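Here is run22.txt, consisting of compact mmCIF, C-alpha atoms:
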# COMPACT_ATOMS: atom_id res chain seq x y z
CA MET K 882 -89.84 101.71 8.62
CA LYS K 883 -87.15 101.55 6.01
CA TRP K 884 -84.74 100.07 8.58
CA THR K 885 -87.26 97.41 9.64
CA SER K 886 -87.90 96.43 6.03
CA LEU K 887 -84.17 96.23 5.32
CA ALA K 888 -83.56 94.16 8.43
CA ARG K 889 -86.32 91.74 7.44
CA SER K 890 -84.81 91.36 3.95
CA LEU K 891 -81.38 90.67 5.41
CA LEU K 892 -82.78 88.05 7.77
CA VAL K 893 -84.62 86.28 4.93
CA ALA K 894 -81.48 86.30 2.76
CA ALA K 895 -79.42 84.91 5.62
CA ALA K 896 -81.95 82.15 6.16
CA LEU K 897 -81.82 81.21 2.49
CA VAL K 898 -78.03 81.07 2.60
CA VAL K 899 -78.12 78.76 5.61
CA TRP K 900 -80.80 76.55 4.01
CA SER K 901 -78.87 76.18 0.76
CA ALA K 902 -75.44 75.81 2.33
CA PRO K 903 -73.70 72.45 1.89
CA GLY K 904 -73.69 71.85 5.63
CA ALA K 905 -77.42 72.35 5.93
CA HIS K 906 -77.95 68.70 4.99
CA ALA K 907 -75.96 67.69 8.05
CA SER K 908 -78.88 68.64 10.30
CA ASN K 909 -80.76 65.65 8.88
CA ARG K 910 -77.84 63.43 9.86
CA THR K 911 -78.51 64.28 13.53
CA ARG K 912 -82.09 63.04 13.38
CA ASP K 913 -82.98 60.97 16.45
CA LEU K 914 -86.30 59.18 16.02
CA ASP K 915 -86.48 57.64 19.49
CA ARG K 916 -84.80 60.62 21.19
CA ASP K 917 -82.34 58.41 23.05
CA GLY K 918 -79.47 60.76 22.28
CA VAL K 919 -78.02 58.55 19.53
CA PRO K 920 -78.49 59.90 15.96
CA ASN K 921 -80.30 57.60 13.53
CA SER K 922 -77.17 57.46 11.41
CA THR K 923 -75.34 55.53 14.14
CA ASP K 924 -78.21 54.12 16.25
CA PRO K 925 -78.25 50.27 16.09
CA ASP K 926 -82.02 50.32 16.84
CA ILE K 927 -83.42 53.49 15.30
CA ASP K 928 -87.04 53.08 16.41
CA ASN K 929 -86.14 51.45 19.76
CA ASP K 930 -88.56 48.59 19.13
CA GLY K 931 -86.09 46.05 20.46
CA ILE K 932 -85.21 44.70 17.01
CA PRO K 933 -81.70 45.58 15.75
CA ASN K 934 -81.71 47.44 12.44
CA GLY K 935 -80.09 44.54 10.61
CA GLU K 936 -82.99 42.25 11.57
CA ASP K 937 -85.85 44.77 11.59
CA PRO K 938 -88.27 44.49 8.64
CA ASN K 939 -89.12 48.19 9.21
CA VAL K 940 -85.99 49.89 10.47
CA ASP K 941 -87.52 53.32 10.98
CA GLY K 942 -90.92 52.34 12.31
CA GLY K 943 -92.09 50.43 15.40
CA LEU K 944 -93.34 50.52 18.99
CA ALA K 945 -90.66 52.00 21.27
CA GLN K 946 -89.86 49.64 24.12
CA SER K 947 -87.88 52.04 26.30
CA GLY K 948 -86.54 55.56 26.54
CA PRO K 949 -88.38 58.89 26.60
CA ARG K 950 -90.88 57.74 23.93
CA ALA K 951 -91.55 54.26 25.32
CA GLY K 952 -95.00 52.87 24.48
CA ARG K 953 -95.45 55.09 21.44
CA TYR K 954 -95.36 54.02 17.81
CA LEU K 955 -92.49 55.86 16.17
CA GLY K 956 -91.71 56.49 12.51
CA ASP K 957 -93.45 55.20 9.41
CA ARG K 958 -95.29 51.98 8.66
CA ALA K 959 -93.58 51.24 5.34
CA PRO K 960 -91.53 47.99 5.29
CA ASN K 961 -87.91 48.31 4.18
CA GLY K 962 -88.70 47.03 0.69
CA SER K 963 -91.75 49.21 0.14
CA LYS K 964 -91.89 51.48 -2.88
CA SER K 965 -92.90 54.35 -0.61
CA GLU K 966 -89.82 53.84 1.60
CA LYS K 967 -87.16 56.23 0.33
CA ASP K 968 -84.88 56.32 3.40
CA ILE K 969 -84.89 52.96 5.20
CA ASP K 970 -82.71 54.04 8.13
CA ASP K 971 -84.12 57.58 8.37
CA ASP K 972 -80.64 59.10 8.43
CA GLY K 973 -81.54 61.95 6.10
CA LEU K 974 -79.90 60.36 3.06
CA ARG K 975 -82.14 58.84 0.43
CA ASP K 976 -81.37 55.19 -0.22
CA ILE K 977 -80.36 56.01 -3.80
CA ASP K 978 -78.06 58.85 -2.72
CA ALA K 979 -74.45 58.26 -3.77
CA ALA K 980 -73.36 59.27 -0.25
CA GLU K 981 -75.60 56.61 1.37
CA ASP K 982 -73.26 53.75 2.16
CA ASN K 983 -75.45 51.81 4.59
CA ILE K 984 -79.02 51.65 3.33
CA ASP K 985 -80.53 49.57 6.13
CA GLY K 986 -78.56 51.13 9.01
CA ASP K 987 -77.03 47.90 10.23
CA ALA K 988 -73.43 47.35 11.28
CA TYR K 989 -72.16 46.81 7.74
CA ASP K 990 -71.54 49.20 4.87
CA ASP K 991 -73.37 48.17 1.71
CA ASP K 992 -70.14 47.15 -0.01
CA ASP K 993 -68.79 45.27 3.01
CA PRO K 994 -68.16 41.60 2.12
CA SER K 995 -70.04 40.72 5.32
CA GLU K 996 -73.15 42.65 4.24
CA ASP K 997 -75.44 40.03 2.79
CA ASP K 998 -78.76 41.92 2.87
CA ILE K 999 -78.34 45.49 1.60
CA ASP K 1000 -81.97 46.53 1.89
CA GLY K 1001 -82.65 44.71 5.16
CA ASP K 1002 -85.70 42.84 3.83
CA GLY K 1003 -84.64 39.51 5.32
CA LEU K 1004 -83.60 38.05 1.96
CA GLU K 1005 -79.90 37.58 1.36
CA ASP K 1006 -78.68 39.50 -1.67
CA ASP K 1007 -77.61 36.34 -3.50
CA SER K 1008 -80.80 34.46 -2.71
CA ASP K 1009 -82.74 33.27 -5.74
CA GLN K 1010 -85.80 34.81 -4.07
CA GLU K 1011 -84.15 38.25 -3.76
CA ASP K 1012 -85.04 40.11 -6.91
CA ASP K 1013 -84.56 43.65 -5.57
CA ILE K 1014 -81.21 43.98 -3.79
CA ASP K 1015 -81.46 47.67 -2.94
CA GLY K 1016 -85.16 47.64 -2.03
CA ASP K 1017 -86.27 50.31 -4.51
CA GLU K 1018 -89.12 48.08 -5.79
CA LEU K 1019 -87.48 47.75 -9.20
CA ASP K 1020 -86.57 44.16 -9.97
CA ASP K 1021 -82.84 43.76 -10.42
CA ASP K 1022 -83.35 42.42 -13.94
CA SER K 1023 -85.81 45.15 -14.90
CA ARG K 1024 -84.73 47.38 -17.77
CA LYS K 1025 -85.73 50.31 -15.56
CA GLU K 1026 -83.33 49.21 -12.80
CA GLU K 1027 -80.13 51.10 -13.51
CA ASP K 1028 -78.48 50.70 -10.09
CA ILE K 1029 -78.89 47.19 -8.65
CA ASP K 1030 -77.05 47.81 -5.39
CA GLY K 1031 -78.41 51.33 -4.85
CA ASP K 1032 -75.02 53.00 -4.47
CA GLY K 1033 -75.87 55.95 -6.72
CA LEU K 1034 -73.76 54.67 -9.62
CA ASP K 1035 -75.53 53.33 -12.67
CA ASP K 1036 -74.64 49.70 -13.35
CA ASP K 1037 -73.15 50.62 -16.73
CA ASP K 1038 -71.21 53.56 -15.33
CA SER K 1039 -67.51 53.15 -16.01
CA SER K 1040 -66.93 53.97 -12.32
CA GLU K 1041 -69.26 51.17 -11.14
CA ASP K 1042 -66.99 48.26 -10.41
CA ASP K 1043 -69.30 46.29 -8.12
CA ILE K 1044 -72.78 45.99 -9.62
CA ASP K 1045 -74.28 43.81 -6.90
CA GLY K 1046 -72.53 45.60 -4.02
CA ASP K 1047 -70.98 42.48 -2.49
CA GLY K 1048 -67.54 44.01 -2.01
CA SER K 1049 -65.96 42.06 -4.89
CA SER K 1050 -65.05 44.03 -7.99
CA ASP K 1051 -66.88 42.84 -11.10
CA ASP K 1052 -63.60 42.03 -12.82
CA ASP K 1053 -62.14 40.26 -9.79
CA PRO K 1054 -61.38 36.62 -10.70
CA SER K 1055 -63.14 35.62 -7.47
CA GLU K 1056 -66.35 37.47 -8.48
CA ASP K 1057 -68.43 34.72 -9.99
CA ASP K 1058 -71.87 36.37 -9.82
CA ILE K 1059 -71.71 39.97 -11.07
CA ASP K 1060 -75.42 40.75 -10.69
CA GLY K 1061 -75.93 38.85 -7.43
CA ASP K 1062 -78.76 36.60 -8.68
CA GLU K 1063 -77.30 33.34 -7.27
CA PHE K 1064 -76.39 32.09 -10.76
CA ASP K 1065 -72.66 31.94 -11.37
CA ASP K 1066 -71.69 34.03 -14.40
CA ASP K 1067 -70.55 30.91 -16.26
CA ASP K 1068 -73.59 28.86 -15.26
CA PRO K 1069 -75.42 27.69 -18.41
CA SER K 1070 -78.62 28.91 -16.68
CA GLU K 1071 -77.20 32.46 -16.31
CA ASP K 1072 -78.47 34.31 -19.33
CA ASP K 1073 -78.06 37.88 -18.05
CA ILE K 1074 -74.65 38.36 -16.42
CA ASP K 1075 -75.02 42.04 -15.59
CA GLY K 1076 -78.69 41.84 -14.59
CA ASP K 1077 -79.89 44.57 -16.95
CA GLY K 1078 -82.90 42.63 -18.21
CA LEU K 1079 -81.28 41.89 -21.58
CA GLU K 1080 -80.22 38.33 -22.25
CA ASP K 1081 -76.51 38.04 -22.96
CA ASP K 1082 -77.09 36.72 -26.47
CA SER K 1083 -79.75 39.30 -27.30
CA ASP K 1084 -79.10 41.48 -30.32
CA GLU K 1085 -79.82 44.46 -28.05
CA GLU K 1086 -77.25 43.43 -25.39
CA ASP K 1087 -74.05 45.23 -26.29
CA ASP K 1088 -72.39 45.17 -22.85
CA ILE K 1089 -72.58 41.70 -21.32
CA ASP K 1090 -70.68 42.45 -18.12
CA GLY K 1091 -72.17 45.93 -17.60
CA ASP K 1092 -68.84 47.75 -17.38
CA GLY K 1093 -69.88 50.62 -19.66
CA LEU K 1094 -67.78 49.37 -22.58
CA ASP K 1095 -69.55 47.90 -25.60
CA ASP K 1096 -68.56 44.29 -26.16
CA ASP K 1097 -67.15 45.14 -29.60
CA ASP K 1098 -65.29 48.20 -28.35
CA SER K 1099 -61.58 47.90 -29.08
CA SER K 1100 -60.96 48.89 -25.44
CA GLU K 1101 -63.13 46.02 -24.12
CA ASP K 1102 -60.68 43.27 -23.32
CA ASP K 1103 -62.88 41.22 -20.98
CA ILE K 1104 -66.38 40.74 -22.41
CA ASP K 1105 -67.76 38.56 -19.62
CA GLY K 1106 -66.05 40.46 -16.78
CA ASP K 1107 -64.34 37.43 -15.27
CA GLY K 1108 -60.99 39.15 -14.81
CA VAL K 1109 -59.35 37.13 -17.58
CA ASP K 1110 -58.62 39.04 -20.80
CA ASP K 1111 -60.43 37.69 -23.83
CA ASP K 1112 -57.15 36.96 -25.62
CA ASP K 1113 -55.53 35.36 -22.57
CA PRO K 1114 -54.60 31.70 -23.17
CA LEU K 1115 -56.46 30.90 -19.93
CA GLU K 1116 -59.70 32.48 -21.22
CA ASP K 1117 -61.68 29.60 -22.64
CA ASP K 1118 -65.16 31.14 -22.52
CA ILE K 1119 -65.14 34.70 -23.88
CA ASP K 1120 -68.84 35.45 -23.45
CA GLY K 1121 -69.22 33.62 -20.11
CA ASP K 1122 -72.05 31.33 -21.24
CA GLY K 1123 -70.55 28.19 -19.72
CA LEU K 1124 -69.52 26.77 -23.10
CA ASP K 1125 -65.83 26.64 -23.94
CA ASP K 1126 -65.04 28.69 -27.03
CA ASP K 1127 -63.81 25.58 -28.82
CA ASP K 1128 -66.82 23.50 -27.80
CA PRO K 1129 -68.63 22.21 -30.91
CA SER K 1130 -71.88 23.48 -29.36
CA GLU K 1131 -70.49 27.03 -29.00
CA ASP K 1132 -71.77 28.86 -32.05
CA ASP K 1133 -71.59 32.43 -30.75
CA THR K 1134 -68.13 33.02 -29.28
CA ASP K 1135 -68.57 36.65 -28.30
CA GLY K 1136 -72.21 36.36 -27.21
CA ASP K 1137 -73.54 39.05 -29.55
CA GLY K 1138 -76.54 37.03 -30.68
CA MET K 1139 -75.05 36.35 -34.12
CA HIS K 1140 -73.78 32.89 -34.98
CA ASP K 1141 -70.06 32.82 -35.71
CA ASP K 1142 -70.68 31.57 -39.25
CA ASP K 1143 -73.58 33.93 -39.93
CA PRO K 1144 -72.71 35.92 -43.08
CA SER K 1145 -73.53 39.08 -41.11
CA GLU K 1146 -71.08 38.19 -38.30
CA SER K 1147 -67.89 40.10 -39.06
CA ASP K 1148 -66.22 39.89 -35.64
CA ASP K 1149 -66.35 36.36 -34.20
CA ASP K 1150 -64.43 37.03 -31.00
CA GLY K 1151 -65.88 40.50 -30.35
CA ASP K 1152 -62.56 42.29 -30.16
CA GLY K 1153 -63.64 45.20 -32.37
CA LEU K 1154 -61.49 44.00 -35.29
CA ASP K 1155 -63.18 42.82 -38.48
CA ASP K 1156 -62.44 39.14 -39.13
CA ASP K 1157 -61.07 40.11 -42.55
CA VAL K 1158 -58.17 41.95 -40.90
CA ASP K 1159 -58.04 40.05 -37.59
CA ASP K 1160 -55.36 37.37 -37.54
CA ASP K 1161 -57.02 35.69 -34.55
CA ASP K 1162 -60.72 35.48 -35.41
CA ASP K 1163 -61.70 33.23 -32.53
CA GLY K 1164 -59.71 35.05 -29.82
CA ASP K 1165 -57.68 32.03 -28.71
CA GLU K 1166 -54.39 34.00 -28.97
CA MET K 1167 -53.24 31.70 -31.77
CA ASP K 1168 -52.66 33.09 -35.25
CA ASP K 1169 -55.27 31.86 -37.71
CA ASP K 1170 -52.43 30.68 -39.96
CA ASP K 1171 -51.02 28.55 -37.14
CA GLU K 1172 -51.34 24.87 -38.01
CA ASP K 1173 -52.38 24.12 -34.41
CA ASP K 1174 -55.26 26.59 -34.45
CA ASP K 1175 -58.65 24.97 -33.88
CA ARG K 1176 -60.09 26.47 -37.06
CA ASP K 1177 -60.06 24.26 -40.15
CA PRO K 1178 -58.26 26.20 -42.92
CA THR K 1179 -60.28 24.26 -45.52
CA LEU K 1180 -63.55 26.19 -45.50
CA ILE K 1181 -66.36 26.88 -47.92
CA LEU K 1182 -67.26 30.47 -48.62
CA PRO K 1183 -70.93 31.32 -49.27
CA GLY K 1184 -71.86 31.78 -52.91
CA GLN K 1185 -74.28 30.55 -55.54
CA VAL K 1186 -74.22 26.77 -55.98
CA GLY K 1187 -74.51 25.56 -59.56
CA THR K 1188 -77.22 27.45 -61.38
CA GLY K 1189 -78.71 28.63 -58.09
CA VAL K 1190 -81.55 26.11 -58.37
CA PRO K 1191 -81.48 22.65 -56.71
CA PRO K 1192 -81.83 19.50 -58.83
CA VAL K 1193 -85.17 17.71 -58.93
CA SER K 1194 -83.51 14.61 -57.44
CA PHE K 1195 -80.46 14.17 -55.23
CA ALA K 1196 -79.71 10.64 -56.50
CA GLY K 1197 -76.00 10.49 -57.37
CA PHE K 1198 -75.51 14.01 -56.00
CA THR K 1199 -72.71 15.04 -53.59
CA LEU K 1200 -72.55 18.05 -51.31
CA TRP K 1201 -69.69 19.36 -49.20
CA VAL K 1202 -70.89 21.21 -46.09
CA SER K 1203 -68.94 23.39 -43.66
CA THR K 1204 -70.72 23.66 -40.30
CA ASP K 1205 -69.84 26.51 -37.91
CA SER K 1206 -66.65 27.10 -39.95
CA THR K 1207 -64.94 24.25 -38.07
CA GLU K 1208 -66.25 21.06 -39.68
CA LEU K 1209 -66.02 19.94 -43.31
CA ASP K 1210 -68.27 17.02 -44.16
CA GLN K 1211 -69.19 15.22 -47.38
CA ILE K 1212 -72.70 13.93 -48.06
CA ASN K 1213 -73.04 11.36 -50.81
CA PHE K 1214 -76.63 10.87 -51.95
CA LEU K 1215 -76.40 7.40 -53.53
CA THR K 1216 -80.06 6.95 -54.42
CA ALA K 1217 -83.27 8.89 -54.03
CA THR K 1218 -83.64 7.51 -50.50
CA SER K 1219 -80.20 6.55 -49.15
CA GLY K 1220 -76.62 7.66 -49.00
CA ARG K 1221 -73.56 7.97 -46.78
CA PHE K 1222 -72.14 10.71 -44.63
CA LEU K 1223 -68.35 11.07 -44.66
CA GLU K 1224 -67.01 12.44 -41.40
CA GLY K 1225 -63.76 10.62 -40.87
CA ASP K 1226 -65.58 7.31 -41.05
CA ASP K 1227 -68.26 5.80 -43.27
CA ASP K 1228 -71.60 6.29 -41.52
CA PRO K 1229 -74.62 5.12 -43.56
CA PHE K 1230 -77.88 7.05 -43.23
CA SER K 1231 -81.26 7.24 -44.85
CA PHE K 1232 -82.89 10.43 -46.01
CA THR K 1233 -85.91 11.96 -47.63
CA TYR K 1234 -85.71 14.92 -49.97
CA THR K 1235 -88.31 17.63 -50.46
CA LEU K 1236 -87.89 20.50 -52.91
CA SER K 1237 -89.28 23.68 -51.41
CA VAL K 1238 -91.85 25.70 -53.32
CA ASN K 1239 -89.76 28.89 -53.38
CA GLY K 1240 -87.37 27.60 -56.05
CA PRO K 1241 -83.81 28.04 -54.77
CA VAL K 1242 -84.33 26.26 -51.43
CA ALA K 1243 -84.21 22.47 -50.92
CA SER K 1244 -85.12 20.77 -47.65
CA VAL K 1245 -83.52 17.43 -46.77
CA SER K 1246 -84.34 15.35 -43.71
CA ILE K 1247 -81.60 12.86 -42.81
CA THR K 1248 -82.07 10.10 -40.26
CA ARG K 1249 -78.86 8.66 -38.85
CA SER K 1250 -78.09 5.79 -36.49
CA GLY K 1251 -79.25 6.19 -32.91
CA ASN K 1252 -82.48 7.89 -34.01
CA ARG K 1253 -80.65 11.14 -34.76
CA ARG K 1254 -82.30 13.41 -37.32
CA PHE K 1255 -80.69 16.23 -39.26
CA ASP K 1256 -83.02 18.62 -41.07
CA TYR K 1257 -81.13 20.68 -43.65
CA GLN K 1258 -82.42 23.69 -45.54
CA PHE K 1259 -80.08 24.38 -48.49
CA SER K 1260 -80.32 27.76 -50.26
CA PHE K 1261 -78.70 27.22 -53.64
CA ASP K 1262 -78.84 30.90 -54.57
CA THR K 1263 -76.59 31.90 -51.66
CA GLY K 1264 -74.74 28.69 -50.80
CA VAL K 1265 -75.84 28.95 -47.16
CA PHE K 1266 -77.68 26.30 -45.15
CA VAL K 1267 -79.47 25.97 -41.83
CA LEU K 1268 -79.34 22.70 -39.91
CA TRP K 1269 -81.75 21.69 -37.15
CA ARG K 1270 -80.52 18.70 -35.12
CA TYR K 1271 -82.72 16.30 -33.17
CA ASP K 1272 -81.71 13.50 -30.81
CA LYS K 1273 -84.30 10.76 -30.25
CA GLY K 1274 -86.99 13.10 -31.47
CA VAL K 1275 -85.99 15.94 -29.12
CA PHE K 1276 -84.70 19.21 -30.57
CA LYS K 1277 -81.01 19.67 -29.76
CA ASP K 1278 -79.72 22.78 -31.50
CA VAL K 1279 -79.50 24.75 -34.72
CA LYS K 1280 -76.36 25.20 -36.85
CA TYR K 1281 -75.45 27.36 -39.79
CA GLY K 1282 -72.90 26.97 -42.55
CA ALA K 1283 -71.97 27.06 -46.23
CA PHE K 1284 -72.12 24.29 -48.81
CA SER K 1285 -70.91 23.49 -52.32
CA ASP K 1286 -71.45 20.87 -55.01
CA THR K 1287 -67.70 20.80 -55.75
CA ALA K 1288 -64.87 19.80 -53.45
CA PRO K 1289 -63.18 22.85 -51.87
CA ALA K 1290 -59.52 23.41 -52.58
CA THR K 1291 -57.13 22.52 -49.75
CA PRO K 1292 -54.41 25.12 -49.02
Here is a file; write its structure as structure tokens.
Amino acid sequence: MKWTSLARSLLVAAALVVWSAPGAHASNRTRDLDRDGVPNSTDPDIDNDGIPNGEDPNVDGGLAQSGPRAGRYLGDRAPNGSKSEKDIDDDGLRDIDAAEDNIDGDAYDDDDPSEDDIDGDGLEDDSDQEDDIDGDELDDDSRKEEDIDGDGLDDDDSSEDDIDGDGSSDDDPSEDDIDGDEFDDDDPSEDDIDGDGLEDDSDEEDDIDGDGLDDDDSSEDDIDGDGVDDDDPLEDDIDGDGLDDDDPSEDDTDGDGMHDDDPSESDDDGDGLDDDVDDDDDGDEMDDDDEDDDRDPTLILPGQVGTGVPPVSFAGFTLWVSTDSTELDQINFLTATSGRFLEGDDDPFSFTYTLSVNGPVASVSITRSGNRRFDYQFSFDTGVFVLWRYDKGVFKDVKYGAFSDTAPATP
């Protein structure tokens, strides 16, 4: 009796060892759904329904057309993109397993440049209709989707160098669509380069290209992941928003959601160096003291203007305004209703002035030629203004800057 009990214990222990051994998983890799002698892991038509895996909307489920199980429905009834489908090709490896390199069981590995439909749902991975590349029923731009191509590596993992699984590294100069959403990374319509559900200019987005390095990390030398270093002379669009860094409309060079001239913005080019100590604030690889740099050295620093309270009338009043730290303009208010705007030439304009009820803030609406309207909000207690621009009655953009009632000194 004792011997029988001991033998039984030994057999159970041995079984547990076999079950937990690393090679035990291999038995699943020999699964053969249609019993044609070809394992699912290498069978080009797993369910033998006559539809090759790469074209089959349900790779591991269908009516067998031939072989020992002909005429029988084999496998599951869950389409490749179904939430309940965890192993599309029934090879024993879950689709999200890091070792699974061919989710839909076709002739192409998931990172093969020729693989254009990773989850085998009939939608090409770069189609604007394909919103779930790996077929896990999490939209690619969902905040819950941490692995767009289903390769087992989180998209922000430092080891993940191909977020959309198209075979092109994210920092390869030829990779122009990191998240595989059919919008080029520098397309003005592309507002989420790494497909993490956070817009690139969101205050919460701290890793635009999804490489695992914060955009303001001193080690991050390529914010938009285009393969061109941010301080490279050839890099003319640091945050990859389709606007050149020296474009007058570009007011957020590093794409951190803070305007470059916002008093709270201390790192314009997002290189991790405070602008106070950075000798190349805008990341154009030209010293800020260089006379050819695109930044105007004659700037206005924020600070109280006059007594901190605006005058009751602007007639005979002059303001100097610095917009986006690159433009220095002079506004001469000649009367209570008209004046001129000095911007290299003499451009007359008419304006109306309204003193806000909160004391230190004055609102001025200026109408210029061509039906262009500039709505300024001057805060005399801080010396900062906000400018809303309209063209033919249509909102164009918003600008920020500093202003003064005395001419700034020229270095």
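For the pair CA of Asp1067 in chain K and CA of Glu1086 in chain K, the separation is 16.9 Å.
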Go ahead and find all residues with at least one atom no further than 12 Å from (-85.5, 46.8, 17.0) in the file's coordinates, using all atoms listed in the file; report them as a PyMOL selection string.
chain K and resi 915+924-947+955+970+986-987
How would the residues just picked look written out with C-alpha atoms as a CSV table (one decimal), in the frame of the given file?
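Wrote it out as result_24.csv, contents follow:
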chain,number,residue,atom,x,y,z
K,915,ASP,CA,-86.5,57.6,19.5
K,924,ASP,CA,-78.2,54.1,16.2
K,925,PRO,CA,-78.2,50.3,16.1
K,926,ASP,CA,-82.0,50.3,16.8
K,927,ILE,CA,-83.4,53.5,15.3
K,928,ASP,CA,-87.0,53.1,16.4
K,929,ASN,CA,-86.1,51.4,19.8
K,930,ASP,CA,-88.6,48.6,19.1
K,931,GLY,CA,-86.1,46.0,20.5
K,932,ILE,CA,-85.2,44.7,17.0
K,933,PRO,CA,-81.7,45.6,15.8
K,934,ASN,CA,-81.7,47.4,12.4
K,935,GLY,CA,-80.1,44.5,10.6
K,936,GLU,CA,-83.0,42.2,11.6
K,937,ASP,CA,-85.8,44.8,11.6
K,938,PRO,CA,-88.3,44.5,8.6
K,939,ASN,CA,-89.1,48.2,9.2
K,940,VAL,CA,-86.0,49.9,10.5
K,941,ASP,CA,-87.5,53.3,11.0
K,942,GLY,CA,-90.9,52.3,12.3
K,943,GLY,CA,-92.1,50.4,15.4
K,944,LEU,CA,-93.3,50.5,19.0
K,945,ALA,CA,-90.7,52.0,21.3
K,946,GLN,CA,-89.9,49.6,24.1
K,947,SER,CA,-87.9,52.0,26.3
K,955,LEU,CA,-92.5,55.9,16.2
K,970,ASP,CA,-82.7,54.0,8.1
K,986,GLY,CA,-78.6,51.1,9.0
K,987,ASP,CA,-77.0,47.9,10.2
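For the pair CA of Asp1133 in chain K and CA of Asp1148 in chain K, the interatomic distance is 10.4 Å.
Distance-wise, CA of Asp976 in chain K and CA of Asp917 in chain K end up 23.5 Å apart.
Summary of the local environment: counting all atoms listed in the file, residues at most 10 Å from Asp1020 in chain K, other than itself and those fewer than 3 positions away along its chain, are K:Glu1011, K:Asp1012, K:Asp1013, K:Ile1014, K:Asp1015, K:Gly1016, K:Asp1017, K:Ser1023, K:Arg1024, K:Lys1025, K:Glu1026, K:Ile1029, K:Gly1076, K:Asp1077, K:Gly1078.
If you count only C-alpha atoms and ignore residues fewer than 4 places along the chain from Asp1028 in chain K, what sits within 9 Å of it is Ile977, Asp1015, Asp1021, Asp1032, Gly1033, Leu1034, Asp1035, Asp1036, Asp1037, Ile1044 and Asp1045 of chain K.
Comparing the minimum interatomic distances between Asp1102 in chain K and each of K:Ile1119, K:Ala951, K:Ala959, K:Leu914, counting all atoms listed in the file, we find that K:Ile1119 sits nearest.
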Hey, can I get the axis-aligned box for range 937-948 of chain K? All listed atoms, 3 Å padding on each side, centre and edge lengths in Å to one decimal, as AutoDock Vina command-line options.
--center_x -89.6 --center_y 50.0 --center_z 17.6 --size_x 13.5 --size_y 17.1 --size_z 23.9
